[in-house]
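Participant: Structure file target-v2.txt, compact mmCIF, C-alpha atoms, is pasted below:
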# COMPACT_ATOMS: atom_id res chain seq x y z
CA MET A 1 -29.33 -155.57 276.58
CA ARG A 2 -32.06 -158.20 276.40
CA TRP A 3 -33.83 -157.09 279.55
CA ILE A 4 -34.50 -153.71 277.97
CA ARG A 5 -36.39 -155.44 275.20
CA ALA A 6 -38.79 -156.86 277.75
CA ALA A 7 -39.18 -153.49 279.41
CA GLY A 8 -39.81 -151.88 276.05
CA ARG A 9 -42.78 -154.10 275.50
CA GLY A 10 -44.23 -152.43 278.51
CA LEU A 11 -44.23 -155.91 279.96
CA LEU A 12 -41.55 -156.71 282.45
CA VAL A 13 -43.09 -160.21 282.48
CA LEU A 14 -41.45 -161.23 285.69
CA VAL A 15 -43.16 -164.37 286.85
CA VAL A 16 -42.90 -164.73 290.57
CA LEU A 17 -43.17 -168.41 291.29
CA LEU A 18 -43.54 -168.17 294.99
CA THR A 19 -44.53 -171.02 297.16
CA GLY A 20 -46.74 -168.50 298.92
CA TYR A 21 -49.72 -166.20 299.05
CA ILE A 22 -49.70 -162.46 299.20
CA ALA A 23 -51.49 -160.44 301.76
CA SER A 24 -49.29 -158.97 304.41
CA GLY A 25 -50.00 -160.73 307.66
CA ALA A 26 -52.39 -163.13 305.93
CA GLN A 27 -53.14 -166.42 307.67
CA ALA A 28 -52.69 -169.81 306.05
CA GLN A 29 -55.84 -171.27 304.57
CA PRO A 30 -57.05 -174.77 305.37
CA GLY A 31 -54.95 -177.32 303.55
CA GLU A 32 -52.05 -174.91 302.98
CA SER A 33 -48.63 -176.03 304.12
CA GLY A 34 -45.98 -174.25 306.10
CA GLY A 35 -48.30 -172.02 308.16
CA GLY A 36 -48.15 -169.36 305.47
CA ARG A 37 -44.37 -169.01 305.46
CA GLY A 38 -41.61 -170.76 303.57
CA PRO A 39 -39.15 -170.58 300.66
CA LEU A 40 -40.20 -168.94 297.41
CA THR A 41 -39.42 -169.45 293.73
CA LEU A 42 -39.17 -166.36 291.52
CA ALA A 43 -39.00 -166.68 287.72
CA THR A 44 -38.85 -164.26 284.82
CA ALA A 45 -39.69 -164.27 281.14
CA GLY A 46 -36.44 -163.10 279.60
CA ASP A 47 -33.40 -161.81 281.45
CA LEU A 48 -33.84 -160.04 284.74
CA THR A 49 -33.09 -156.37 284.93
CA GLY A 50 -29.83 -155.67 286.62
CA TYR A 51 -31.38 -154.29 289.81
CA LEU A 52 -33.56 -157.24 290.81
CA GLY A 53 -30.95 -159.84 291.72
CA PRO A 54 -29.33 -157.67 294.42
CA LEU A 55 -32.75 -156.76 295.79
CA LEU A 56 -33.67 -160.41 296.17
CA GLU A 57 -30.31 -161.16 297.75
CA ARG A 58 -31.08 -158.48 300.31
CA TRP A 59 -34.41 -160.19 300.97
CA ASN A 60 -32.70 -163.57 301.31
CA ARG A 61 -30.19 -162.28 303.82
CA ALA A 62 -32.99 -160.86 305.95
CA HIS A 63 -35.25 -163.92 305.57
CA PRO A 64 -33.04 -167.05 305.52
CA GLY A 65 -36.02 -169.33 306.10
CA GLU A 66 -37.98 -167.76 303.24
CA ARG A 67 -35.39 -167.56 300.49
CA VAL A 68 -36.33 -166.62 296.94
CA THR A 69 -34.97 -168.79 294.11
CA LEU A 70 -34.99 -167.37 290.57
CA VAL A 71 -36.29 -169.36 287.58
CA GLU A 72 -36.44 -167.99 284.02
CA LEU A 73 -39.22 -168.62 281.50
CA PRO A 74 -38.68 -167.95 277.78
CA ASP A 75 -37.81 -164.41 276.69
CA SER A 76 -40.94 -164.12 274.54
CA ALA A 77 -43.96 -162.69 276.35
CA ASP A 78 -46.26 -164.90 274.29
CA GLU A 79 -44.30 -168.01 275.26
CA ALA A 80 -44.22 -166.95 278.90
CA HIS A 81 -47.99 -166.46 278.84
CA ALA A 82 -48.46 -169.90 277.30
CA GLN A 83 -46.25 -171.57 279.90
CA MET A 84 -47.99 -169.78 282.76
CA ALA A 85 -51.43 -170.72 281.46
CA THR A 86 -50.41 -174.36 280.96
CA ASP A 87 -48.95 -174.58 284.44
CA LEU A 88 -51.85 -172.85 286.18
CA ARG A 89 -54.31 -175.22 284.55
CA GLY A 90 -52.57 -177.94 286.52
CA GLY A 91 -54.45 -176.98 289.68
CA ASP A 92 -52.71 -177.86 292.91
CA ARG A 93 -49.84 -179.35 290.89
CA SER A 94 -48.93 -175.86 289.70
CA ARG A 95 -45.40 -174.65 290.43
CA PHE A 96 -46.47 -171.04 290.01
CA ASP A 97 -47.52 -169.37 293.24
CA VAL A 98 -47.13 -165.65 292.59
CA LEU A 99 -46.83 -164.22 289.11
CA ASN A 100 -45.80 -160.81 287.89
CA ILE A 101 -48.09 -160.76 284.89
CA ASP A 102 -48.47 -158.24 282.12
CA VAL A 103 -51.25 -155.84 283.06
CA ASP A 104 -53.55 -157.02 280.28
CA TRP A 105 -53.50 -160.62 281.54
CA THR A 106 -55.14 -159.80 284.87
CA SER A 107 -58.72 -160.15 283.63
CA GLU A 108 -57.98 -163.37 281.75
CA PHE A 109 -56.28 -165.04 284.70
CA ALA A 110 -58.91 -163.85 287.16
CA ALA A 111 -61.82 -165.02 285.01
CA ALA A 112 -60.18 -168.43 284.60
CA GLY A 113 -59.88 -168.80 288.37
CA TRP A 114 -56.08 -169.06 288.20
CA ILE A 115 -55.40 -166.17 290.58
CA ARG A 116 -57.17 -165.23 293.78
CA PRO A 117 -58.73 -161.91 294.82
CA LEU A 118 -56.66 -159.83 297.23
CA PRO A 119 -57.67 -157.59 300.15
CA ARG A 120 -57.17 -153.95 299.22
CA ASP A 121 -56.28 -152.87 302.74
CA ARG A 122 -53.15 -155.04 302.77
CA PHE A 123 -51.33 -152.86 300.23
CA ALA A 124 -50.45 -149.18 299.94
CA LEU A 125 -52.65 -148.64 296.88
CA LYS A 126 -53.34 -145.00 297.78
CA THR A 127 -49.67 -144.21 297.18
CA PHE A 128 -49.83 -145.51 293.59
CA LEU A 129 -50.69 -143.55 290.47
CA PRO A 130 -54.49 -144.06 290.29
CA PRO A 131 -54.78 -145.56 286.78
CA VAL A 132 -52.37 -148.40 287.55
CA VAL A 133 -54.70 -149.81 290.19
CA ALA A 134 -57.43 -150.22 287.58
CA THR A 135 -55.19 -152.62 285.63
CA ALA A 136 -55.11 -154.92 288.66
CA THR A 137 -58.88 -155.27 289.06
CA TYR A 138 -61.48 -157.52 287.49
CA ASP A 139 -65.22 -157.56 288.10
CA GLY A 140 -64.84 -154.93 290.80
CA ARG A 141 -62.25 -156.87 292.84
CA LEU A 142 -58.50 -156.53 293.26
CA TYR A 143 -56.69 -159.53 291.77
CA ALA A 144 -53.12 -158.22 291.68
CA VAL A 145 -50.81 -155.50 293.01
CA PRO A 146 -49.23 -153.07 290.53
CA TYR A 147 -45.45 -153.40 290.35
CA VAL A 148 -44.27 -151.57 287.21
CA THR A 149 -46.26 -149.16 285.05
CA ASN A 150 -45.64 -147.75 281.59
CA ALA A 151 -47.14 -145.35 279.09
CA GLY A 152 -46.33 -144.54 275.51
CA LEU A 153 -44.50 -141.30 274.71
CA LEU A 154 -43.80 -139.42 271.48
CA LEU A 155 -40.03 -139.10 271.13
CA TYR A 156 -38.83 -136.43 268.73
CA ARG A 157 -35.67 -134.83 267.39
CA LYS A 158 -35.62 -131.56 269.30
CA ASP A 159 -32.53 -130.35 267.40
CA ILE A 160 -34.35 -130.57 264.07
CA LEU A 161 -37.60 -129.03 265.29
CA ALA A 162 -35.56 -126.19 266.85
CA LYS A 163 -33.89 -125.53 263.48
CA GLU A 164 -37.32 -125.39 261.87
CA GLY A 165 -38.68 -123.15 264.61
CA VAL A 166 -41.64 -125.42 265.43
CA PRO A 167 -42.72 -126.94 268.75
CA PRO A 168 -43.26 -130.68 269.16
CA PRO A 169 -46.63 -131.78 267.78
CA ARG A 170 -49.69 -131.80 270.01
CA THR A 171 -52.16 -132.99 267.36
CA TRP A 172 -52.25 -135.60 264.63
CA ALA A 173 -52.41 -132.86 261.99
CA GLU A 174 -49.18 -131.30 263.28
CA LEU A 175 -47.49 -134.69 263.47
CA GLU A 176 -48.52 -135.55 259.92
CA ARG A 177 -47.43 -132.18 258.55
CA HIS A 178 -43.99 -132.28 260.19
CA ALA A 179 -43.45 -135.95 259.34
CA GLU A 180 -44.37 -135.28 255.71
CA THR A 181 -42.51 -132.00 255.16
CA ILE A 182 -39.68 -131.63 257.68
CA ALA A 183 -38.41 -135.22 257.88
CA PRO A 184 -37.46 -135.52 254.16
CA LYS A 185 -35.42 -132.29 254.35
CA TYR A 186 -33.08 -134.05 256.75
CA GLY A 187 -33.11 -137.43 255.05
CA LEU A 188 -35.32 -138.97 257.74
CA ASP A 189 -38.45 -141.08 257.83
CA GLY A 190 -41.38 -139.32 259.46
CA TYR A 191 -43.09 -141.41 262.12
CA ALA A 192 -43.07 -144.97 263.42
CA GLY A 193 -44.54 -147.05 266.18
CA GLN A 194 -44.76 -150.80 266.67
CA PHE A 195 -46.67 -151.98 263.62
CA LEU A 196 -45.70 -155.63 263.15
CA PRO A 197 -48.76 -157.83 263.82
CA TYR A 198 -48.08 -158.67 267.48
CA GLU A 199 -49.07 -157.22 270.86
CA GLY A 200 -47.36 -153.93 270.06
CA LEU A 201 -49.75 -153.29 267.17
CA THR A 202 -52.70 -153.95 269.49
CA VAL A 203 -51.30 -151.25 271.77
CA ASN A 204 -50.73 -148.75 268.96
CA ALA A 205 -54.18 -149.39 267.52
CA ALA A 206 -55.88 -149.04 270.91
CA GLU A 207 -54.05 -145.76 271.51
CA ALA A 208 -55.25 -144.42 268.16
CA VAL A 209 -58.86 -145.42 268.89
CA TYR A 210 -58.74 -144.08 272.47
CA SER A 211 -57.13 -140.81 271.36
CA ALA A 212 -60.01 -140.25 268.94
CA GLY A 213 -62.48 -140.76 271.79
CA GLY A 214 -63.45 -144.35 271.05
CA THR A 215 -63.31 -147.67 272.87
CA ILE A 216 -62.97 -151.31 271.81
CA LEU A 217 -64.74 -153.34 274.50
CA GLY A 218 -66.90 -152.54 277.51
CA ASP A 219 -68.29 -154.35 280.55
CA GLU A 220 -65.18 -156.49 281.12
CA GLY A 221 -65.25 -157.67 277.51
CA GLU A 222 -68.92 -158.58 277.37
CA ARG A 223 -69.89 -155.66 275.11
CA VAL A 224 -68.27 -154.71 271.78
CA THR A 225 -67.99 -150.93 271.38
CA VAL A 226 -65.51 -150.56 268.53
CA ASP A 227 -67.97 -149.87 265.69
CA SER A 228 -67.78 -146.09 265.92
CA ALA A 229 -66.68 -143.00 264.03
CA ALA A 230 -63.85 -142.59 266.56
CA ALA A 231 -62.47 -146.06 265.80
CA ARG A 232 -62.64 -145.37 262.06
CA GLU A 233 -60.77 -142.10 262.63
CA GLY A 234 -58.08 -143.76 264.76
CA ILE A 235 -57.44 -146.67 262.42
CA GLY A 236 -57.67 -144.28 259.48
CA PHE A 237 -54.86 -142.17 260.98
CA LEU A 238 -52.53 -145.17 260.96
CA ALA A 239 -53.59 -146.40 257.52
CA ARG A 240 -53.26 -142.92 256.03
CA GLY A 241 -49.72 -142.61 257.32
CA VAL A 242 -48.57 -145.69 255.41
CA ARG A 243 -50.54 -144.76 252.29
CA GLU A 244 -49.12 -141.23 252.20
CA GLY A 245 -45.61 -142.28 253.12
CA TRP A 246 -44.98 -140.38 256.34
CA ILE A 247 -45.09 -143.78 258.05
CA PRO A 248 -42.44 -145.81 256.19
CA GLU A 249 -43.43 -149.26 254.97
CA GLU A 250 -40.47 -150.63 256.91
CA ALA A 251 -42.30 -149.66 260.11
CA LEU A 252 -44.78 -152.46 259.38
CA THR A 253 -41.98 -154.81 260.50
CA TYR A 254 -41.12 -152.89 263.69
CA LYS A 255 -41.46 -154.12 267.24
CA GLU A 256 -40.14 -152.09 270.17
CA GLU A 257 -36.49 -152.84 269.58
CA GLU A 258 -36.52 -152.28 265.81
CA SER A 259 -38.32 -148.96 266.15
CA LYS A 260 -36.04 -147.85 268.98
CA ARG A 261 -32.99 -148.69 266.89
CA ALA A 262 -34.29 -146.71 263.92
CA PHE A 263 -34.76 -143.64 266.11
CA GLN A 264 -31.53 -144.15 268.05
CA ASP A 265 -29.57 -144.48 264.80
CA GLY A 266 -30.93 -141.14 263.58
CA ARG A 267 -33.36 -142.44 260.93
CA LEU A 268 -36.66 -141.12 262.35
CA LEU A 269 -38.05 -137.72 263.21
CA PHE A 270 -40.80 -139.06 265.49
CA LEU A 271 -41.27 -142.33 267.37
CA ARG A 272 -43.99 -143.72 269.61
CA ASN A 273 -42.37 -145.99 272.20
CA TRP A 274 -42.08 -146.69 275.93
CA PRO A 275 -39.81 -144.56 278.16
CA TYR A 276 -37.00 -147.12 278.01
CA ALA A 277 -36.39 -145.96 274.41
CA TYR A 278 -35.72 -142.43 275.69
CA VAL A 279 -33.09 -143.80 278.07
CA ALA A 280 -31.44 -145.87 275.33
CA ALA A 281 -31.49 -143.00 272.82
CA SER A 282 -29.87 -140.73 275.40
CA ALA A 283 -26.92 -143.06 276.02
CA GLU A 284 -23.44 -141.95 275.02
CA ASP A 285 -23.24 -144.43 272.14
CA SER A 286 -26.51 -143.18 270.60
CA ALA A 287 -26.35 -141.13 267.39
CA VAL A 288 -29.02 -138.80 268.79
CA ALA A 289 -27.79 -138.41 272.38
CA GLY A 290 -28.65 -134.94 273.65
CA LYS A 291 -30.88 -134.27 270.64
CA ILE A 292 -34.19 -135.78 271.74
CA GLY A 293 -37.28 -134.75 273.63
CA ALA A 294 -40.48 -136.45 274.77
CA VAL A 295 -44.10 -135.29 274.89
CA PRO A 296 -47.44 -137.04 275.40
CA LEU A 297 -48.84 -138.84 272.39
CA PRO A 298 -50.81 -136.48 270.16
CA GLY A 299 -54.49 -136.92 269.31
CA PRO A 300 -56.92 -135.38 266.82
CA ASP A 301 -57.37 -132.11 268.73
CA GLY A 302 -54.66 -132.18 271.41
CA PRO A 303 -52.84 -134.68 273.61
CA GLY A 304 -54.02 -138.22 272.98
CA THR A 305 -54.38 -141.27 275.20
CA SER A 306 -51.70 -143.85 275.86
CA VAL A 307 -52.32 -147.47 276.72
CA LEU A 308 -51.09 -148.44 280.15
CA GLY A 309 -48.26 -150.95 280.12
CA GLY A 310 -46.40 -152.59 282.95
CA SER A 311 -46.84 -155.61 285.17
CA ASN A 312 -48.84 -156.67 288.22
CA LEU A 313 -48.04 -159.14 290.95
CA ALA A 314 -50.77 -161.77 291.21
CA VAL A 315 -51.15 -164.88 293.36
CA SER A 316 -51.99 -168.36 292.13
CA ALA A 317 -55.23 -169.84 293.37
CA HIS A 318 -53.15 -172.77 294.67
CA ALA A 319 -50.35 -170.77 296.30
CA ARG A 320 -48.76 -171.90 299.57
CA HIS A 321 -46.93 -169.91 302.26
CA PRO A 322 -49.28 -166.91 302.02
CA ASP A 323 -47.59 -164.72 304.61
CA THR A 324 -44.17 -164.90 302.97
CA ALA A 325 -45.64 -164.06 299.59
CA ALA A 326 -47.50 -161.13 301.08
CA ARG A 327 -44.44 -159.63 302.65
CA LEU A 328 -42.30 -160.15 299.54
CA ILE A 329 -44.84 -158.33 297.41
CA ALA A 330 -45.02 -155.53 299.97
CA TYR A 331 -41.23 -155.36 299.78
CA LEU A 332 -41.20 -155.21 295.97
CA THR A 333 -43.84 -152.47 295.90
CA GLY A 334 -42.36 -150.43 298.75
CA GLU A 335 -40.87 -146.99 298.20
CA ARG A 336 -37.23 -148.09 298.47
CA VAL A 337 -37.51 -150.85 295.88
CA GLN A 338 -39.74 -148.79 293.62
CA ARG A 339 -37.06 -146.09 293.55
CA GLN A 340 -34.57 -148.71 292.37
CA VAL A 341 -37.03 -150.00 289.78
CA LEU A 342 -36.42 -146.62 288.15
CA THR A 343 -32.80 -145.84 288.99
CA ARG A 344 -31.39 -149.33 288.36
CA GLY A 345 -33.94 -150.76 285.97
CA ALA A 346 -35.03 -147.65 283.99
CA LEU A 347 -38.60 -148.88 284.48
CA PRO A 348 -41.48 -146.60 285.48
CA PRO A 349 -42.45 -147.12 289.13
CA VAL A 350 -46.03 -147.21 290.39
CA ARG A 351 -45.47 -144.94 293.43
CA ALA A 352 -46.79 -141.45 292.67
CA ASP A 353 -44.39 -139.47 294.88
CA LEU A 354 -41.33 -140.64 292.92
CA TYR A 355 -42.49 -138.64 289.90
CA ASP A 356 -42.15 -135.40 291.88
CA ASP A 357 -38.68 -136.11 293.27
CA PRO A 358 -36.28 -133.37 292.02
CA GLU A 359 -33.26 -135.66 292.11
CA LEU A 360 -35.01 -138.30 290.01
CA ILE A 361 -36.28 -135.68 287.56
CA ARG A 362 -32.73 -134.45 287.02
CA ALA A 363 -31.63 -138.00 286.19
CA PHE A 364 -34.77 -138.85 284.18
CA PRO A 365 -36.05 -135.62 282.55
CA TYR A 366 -39.04 -137.35 280.98
CA LEU A 367 -40.64 -138.16 284.36
CA PRO A 368 -43.11 -135.23 284.43
CA THR A 369 -44.24 -136.08 280.90
CA LEU A 370 -44.51 -139.76 281.77
CA ARG A 371 -46.58 -138.97 284.86
CA GLU A 372 -48.93 -136.88 282.72
CA SER A 373 -49.21 -139.71 280.20
CA VAL A 374 -49.85 -142.38 282.85
CA LEU A 375 -52.54 -140.29 284.53
CA ALA A 376 -54.32 -139.87 281.19
CA ALA A 377 -53.75 -143.45 280.04
CA ALA A 378 -56.28 -146.25 279.70
CA PRO A 379 -55.95 -150.03 280.05
CA ARG A 380 -56.05 -152.32 277.06
CA PRO A 381 -59.48 -153.85 276.43
CA LYS A 382 -60.39 -156.01 279.41
CA SER A 383 -61.57 -159.47 278.49
CA PRO A 384 -61.33 -163.01 279.84
CA HIS A 385 -60.32 -163.89 276.27
CA TYR A 386 -57.72 -161.17 275.90
CA ASP A 387 -55.28 -163.29 273.89
CA GLN A 388 -57.93 -163.85 271.19
CA VAL A 389 -58.99 -160.20 271.31
CA SER A 390 -55.42 -159.05 270.74
CA LEU A 391 -54.88 -161.43 267.84
CA VAL A 392 -58.01 -160.13 266.09
CA VAL A 393 -57.05 -156.48 266.59
CA GLN A 394 -53.56 -157.11 265.25
CA ALA A 395 -54.77 -158.91 262.14
CA VAL A 396 -57.51 -156.45 261.23
CA VAL A 397 -55.51 -153.27 261.82
CA HIS A 398 -52.56 -154.68 259.91
CA ASP A 399 -54.84 -155.34 256.94
CA ALA A 400 -56.04 -151.74 257.12
CA MET A 401 -52.49 -150.37 257.29
CA THR A 402 -51.39 -152.46 254.31
CA GLY A 403 -54.36 -151.27 252.25
CA GLN A 404 -56.16 -154.60 252.13
CA GLU A 405 -59.19 -153.07 253.84
CA THR A 406 -60.54 -149.57 254.24
CA PRO A 407 -60.71 -148.24 257.80
CA GLY A 408 -64.50 -148.49 257.64
CA SER A 409 -64.57 -152.12 256.56
CA ALA A 410 -61.81 -152.93 259.05
CA VAL A 411 -63.86 -151.54 261.94
CA ARG A 412 -66.96 -153.47 260.86
CA ARG A 413 -64.94 -156.68 260.58
CA LEU A 414 -63.34 -156.01 263.95
CA ALA A 415 -66.77 -155.59 265.54
CA ARG A 416 -67.99 -158.89 264.08
CA GLU A 417 -64.95 -160.89 265.14
CA LEU A 418 -64.86 -159.41 268.63
CA ALA A 419 -68.57 -160.16 269.04
CA ALA A 420 -67.88 -163.78 268.16
CA ILE A 421 -65.14 -163.93 270.82
CA SER A 422 -67.36 -162.29 273.44
CA GLY A 423 -70.23 -164.62 272.63
CA ARG A 424 -67.92 -167.57 273.13
Mind turning this structure into structure tokens?

Facilitator:
Amino acid sequence: MRWIRAAGRGLLVLVVLLTGYIASGAQAQPGESGGGRGPLTLATAGDLTGYLGPLLERWNRAHPGERVTLVELPDSADEAHAQMATDLRGGDRSRFDVLNIDVDWTSEFAAAGWIRPLPRDRFALKTFLPPVVATATYDGRLYAVPYVTNAGLLLYRKDILAKEGVPPPRTWAELERHAETIAPKYGLDGYAGQFLPYEGLTVNAAEAVYSAGGTILGDEGERVTVDSAAAREGIGFLARGVREGWIPEEALTYKEEESKRAFQDGRLLFLRNWPYAYVAASAEDSAVAGKIGAVPLPGPDGPGTSVLGGSNLAVSAHARHPDTAARLIAYLTGERVQRQVLTRGALPPVRADLYDDPELIRAFPYLPTLRESVLAAAPRPKSPHYDQVSLVVQAVVHDAMTGQETPGSAVRRLARELAAISGR
């Protein structure tokens, strides 16, 4: 299903084009029409998940004067970003009022003045998993409300590891050893992530650097911190895997869907992916149904650090009907809807209490592991120029993984190119 592809990117890029603003009970600002209330337009990049349409219909029945109309942007996250940016540059001519943006776009949109800061006391932020709130802030202010979260997991063939009498790997050394020695015995490739030069490679590279104890940028993108031994170790881990063969060369062409399919078809021993891949690989038509497990991503000396994925609801600087937008966002981030985000959409909710619900854990066994991963996760590098930052990371790390640069030279080049972006 196409909507799962969007979820797998960790990006349910659901653009909420509301003719409104977003703080519950907020008053209309001077020059705003409709007294803060009115009809809304809701759009998505890619197909909607199956649960959202009925939820919006329920809203429409209860609010006939504030109906939500759905509009779809292109399926590609990059194209959706481009269309949002183009529209928001149009000032008060913008059609986009509230946007559900990928978490790493918050800083860029806030710095550009496209979205407005939000009052923290209007939303139940204390009920959310703490790290997700950080993805919605920029320069110390709240610019969005978390809607969906995500964290990378290590999926593994528990049937094969059980036959070998070994536990799932907790460290890179264990992962490498099992991928190199156990996988070939069963005709499998060892390990894969999302290694095509696109946003997924930025995520995988950041996770490797973070897991080794490093960072990429600091001070909201104003300071470059990547030139470190930790970054060389993290990028070296990925490059070594391709060079030694326990990461197959084919994985250099993988995005979320391709890597999920390789694992689901029984061709991989280990896979880094988002939780949606666990759900898909557990389906009845999967070759590995009932044979998989999930653990936190490994690191050099123990569990590593995932990058936070997901999406945040933000409000255009030129939004109208602020009260309607506020109450819709409160509705979409309330406990009832957040439960259905998981049960109907297979997407990780932001409400912390749902991860302790016994009924949900029975249906989604990976929830405790996912909660652990989210709590230990870190945002992608924050920068008002995030799109350029991501492109540089992708290009440089791909060159290192294909052997065109050593990890050391790749880190030095990365530091230079990121400094040029920050200076701009």

Participant: When you draw a straight line from CA of Ile115 in chain A to CA of Val315 in chain A, how long is it in Å?

Facilitator: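 We find that CA of Ile115 in chain A and CA of Val315 in chain A lie 5.2 Å from each other.
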
Participant: By how many Å are CA of Gly334 in chain A and CA of Leu125 in chain A apart?

Facilitator: 10.6 Å

Participant: Would you mind telling me which residue in A:Val411, A:Ala80, A:Ala208, A:Val145 lies nearest to Pro300 in chain A when using only C-alpha atoms?

Facilitator: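 Closest residue, counting only C-alpha atoms: A:Ala208.
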
Participant: Show which residues sit within 9 Å of Leu56 in chain A, as a list in words. Count all atoms listed in the file, and ignore same-chain residues fewer than 5 positions away.

Facilitator: Arg61, Arg67, Val68 and Thr69 of chain A

Participant: Would you pick out the contacts of His81 in chain A at 10 Å or less, using all atoms listed in the file, so that residues sharing its chain but fewer than 3 positions from it are not included, and give the list as a PyMOL selection string?

Facilitator: chain A and resi 13+15+45+73-74+76-78+84-87+101-102+105+387

Participant: Taking (-55.2, -163.5, 282.9) in the file's coordinates, which residues come within 10 Å, counting all atoms listed in the file, written as a PyMOL selection string?

Facilitator: chain A and resi 81+84-85+101-115+138+143+314+382-387

Participant: Which residues are close to Arg272 in chain A, i.e. within 8 Å by only C-alpha atoms, leaving aside same-chain residues fewer than 2 positions away? Reply as a list in words.

Facilitator: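 Once the adjacent positions are removed, what remains is Gly152, Leu153, Leu154, Leu155, Tyr191, Ala192, Gly193, Gln194, Phe270, Trp274 and Leu297 of chain A.
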
Participant: Kindly indicate which residue among A:Ser311, A:Thr171, A:Thr127, A:Gln404 lies nearest to Leu99 in chain A, using all atoms listed in the file for the distances.

Facilitator: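 Among A:Ser311, A:Thr171, A:Thr127, A:Gln404, it is A:Ser311 that comes nearest to Leu99 in chain A.
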
Participant: Can you list, as JSON, numbers by chain, every protein, DNA or RNA residue that comes within 12 Å of range 358-366 of chain A when you count only C-alpha atoms, leaving out same-chain residues fewer than 2 positions away?

Facilitator: {"A": [151, 152, 153, 154, 155, 274, 275, 276, 277, 278, 279, 280, 282, 290, 292, 293, 294, 295, 296, 339, 340, 341, 342, 343, 344, 346, 347, 348, 349, 353, 354, 355, 356, 368, 369, 370, 371, 372, 373]}

Participant: Identify, on the basis of all atoms listed in the file, every residue whose closest approach to Pro197 in chain A does not exceed 8 Å; exclude the query and any residue fewer than 4 positions from it along the same chain; express the result as a list in words.

Facilitator: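 Returned residues: Leu201, Thr202, Gln394, Ala395 and His398 of chain A.
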
Participant: Mind writing the picked residues with C-alpha atoms as a PDB file, keeping the file's coordinate frame?

Facilitator:
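Resulting contents of part.pdb:
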ATOM      1  CA  LEU A 201     -49.750-153.290 267.170  1.00  0.00           C
ATOM      2  CA  THR A 202     -52.700-153.950 269.490  1.00  0.00           C
ATOM      3  CA  GLN A 394     -53.560-157.110 265.250  1.00  0.00           C
ATOM      4  CA  ALA A 395     -54.770-158.910 262.140  1.00  0.00           C
ATOM      5  CA  HIS A 398     -52.560-154.680 259.910  1.00  0.00           C
TER       6      HIS A 398
END

Participant: How far is it from CA of Leu129 in chain A to CA of Ala330 in chain A, in Å with one decimal?

Facilitator: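 CA of Ala330 in chain A lies at a distance of 16.3 Å from CA of Leu129 in chain A.
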
Participant: Using all atoms listed in the file, which residue out of A:Gly221, A:Gly140, A:Gly266, A:Gly236 lies closest to Ile160 in chain A?

Facilitator: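 Looking at the shortest contact to Ile160 in chain A, the residue is A:Gly266.
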
Participant: Could you tell me which of A:Val203, A:Leu161, A:Val337, A:Leu418 comes closest to Thr181 in chain A if we count only C-alpha atoms?

Facilitator: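 Ranking A:Val203, A:Leu161, A:Val337, A:Leu418 by distance to Thr181 in chain A, first place goes to A:Leu161.
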
Participant: So, counting all atoms listed in the file, which residue among A:Arg177, A:Arg223, A:Arg240, A:Lys291 is closest to Gly403 in chain A?

Facilitator: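 Counting all atoms listed in the file, the residue closest to Gly403 in chain A is A:Arg240.
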
Participant: For Ala415 in chain A, which residue among A:Val392, A:Val209, A:Asn204, A:Leu175 is the nearest when counting all atoms listed in the file?

Facilitator: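 That would be A:Val392, the residue with the smallest distance to Ala415 in chain A.
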
Participant: Starting from the block above, write range 222-228 of chain A out to a file with N, CA, C and O atoms, as a PDB file, in the first residue's frame, please.

Facilitator:
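The result, stored in out10.pdb:
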ATOM      1  N   GLU A 222      24.123  26.633  13.547  1.00  0.00           N
ATOM      2  CA  GLU A 222      25.120  27.693  13.400  1.00  0.00           C
ATOM      3  C   GLU A 222      26.548  27.201  13.648  1.00  0.00           C
ATOM      4  O   GLU A 222      27.501  27.901  13.320  1.00  0.00           O
ATOM      5  N   ARG A 223      26.683  26.016  14.245  1.00  0.00           N
ATOM      6  CA  ARG A 223      28.017  25.503  14.559  1.00  0.00           C
ATOM      7  C   ARG A 223      28.163  24.097  13.998  1.00  0.00           C
ATOM      8  O   ARG A 223      27.297  23.244  14.192  1.00  0.00           O
ATOM      9  N   VAL A 224      29.247  23.835  13.282  1.00  0.00           N
ATOM     10  CA  VAL A 224      29.521  22.519  12.696  1.00  0.00           C
ATOM     11  C   VAL A 224      30.332  21.707  13.694  1.00  0.00           C
ATOM     12  O   VAL A 224      31.392  22.136  14.146  1.00  0.00           O
ATOM     13  N   THR A 225      29.828  20.523  14.045  1.00  0.00           N
ATOM     14  CA  THR A 225      30.464  19.700  15.079  1.00  0.00           C
ATOM     15  C   THR A 225      30.858  18.317  14.573  1.00  0.00           C
ATOM     16  O   THR A 225      31.248  17.463  15.355  1.00  0.00           O
ATOM     17  N   VAL A 226      30.777  18.092  13.277  1.00  0.00           N
ATOM     18  CA  VAL A 226      30.921  16.741  12.747  1.00  0.00           C
ATOM     19  C   VAL A 226      32.367  16.262  12.681  1.00  0.00           C
ATOM     20  O   VAL A 226      32.618  15.048  12.617  1.00  0.00           O
ATOM     21  N   ASP A 227      33.335  17.157  12.685  1.00  0.00           N
ATOM     22  CA  ASP A 227      34.739  16.740  12.537  1.00  0.00           C
ATOM     23  C   ASP A 227      35.233  16.154  13.853  1.00  0.00           C
ATOM     24  O   ASP A 227      35.845  16.848  14.677  1.00  0.00           O
ATOM     25  N   SER A 228      34.977  14.874  14.053  1.00  0.00           N
ATOM     26  CA  SER A 228      35.289  14.224  15.321  1.00  0.00           C
ATOM     27  C   SER A 228      35.631  12.759  15.092  1.00  0.00           C
ATOM     28  O   SER A 228      35.285  12.172  14.055  1.00  0.00           O
TER      29      SER A 228
END
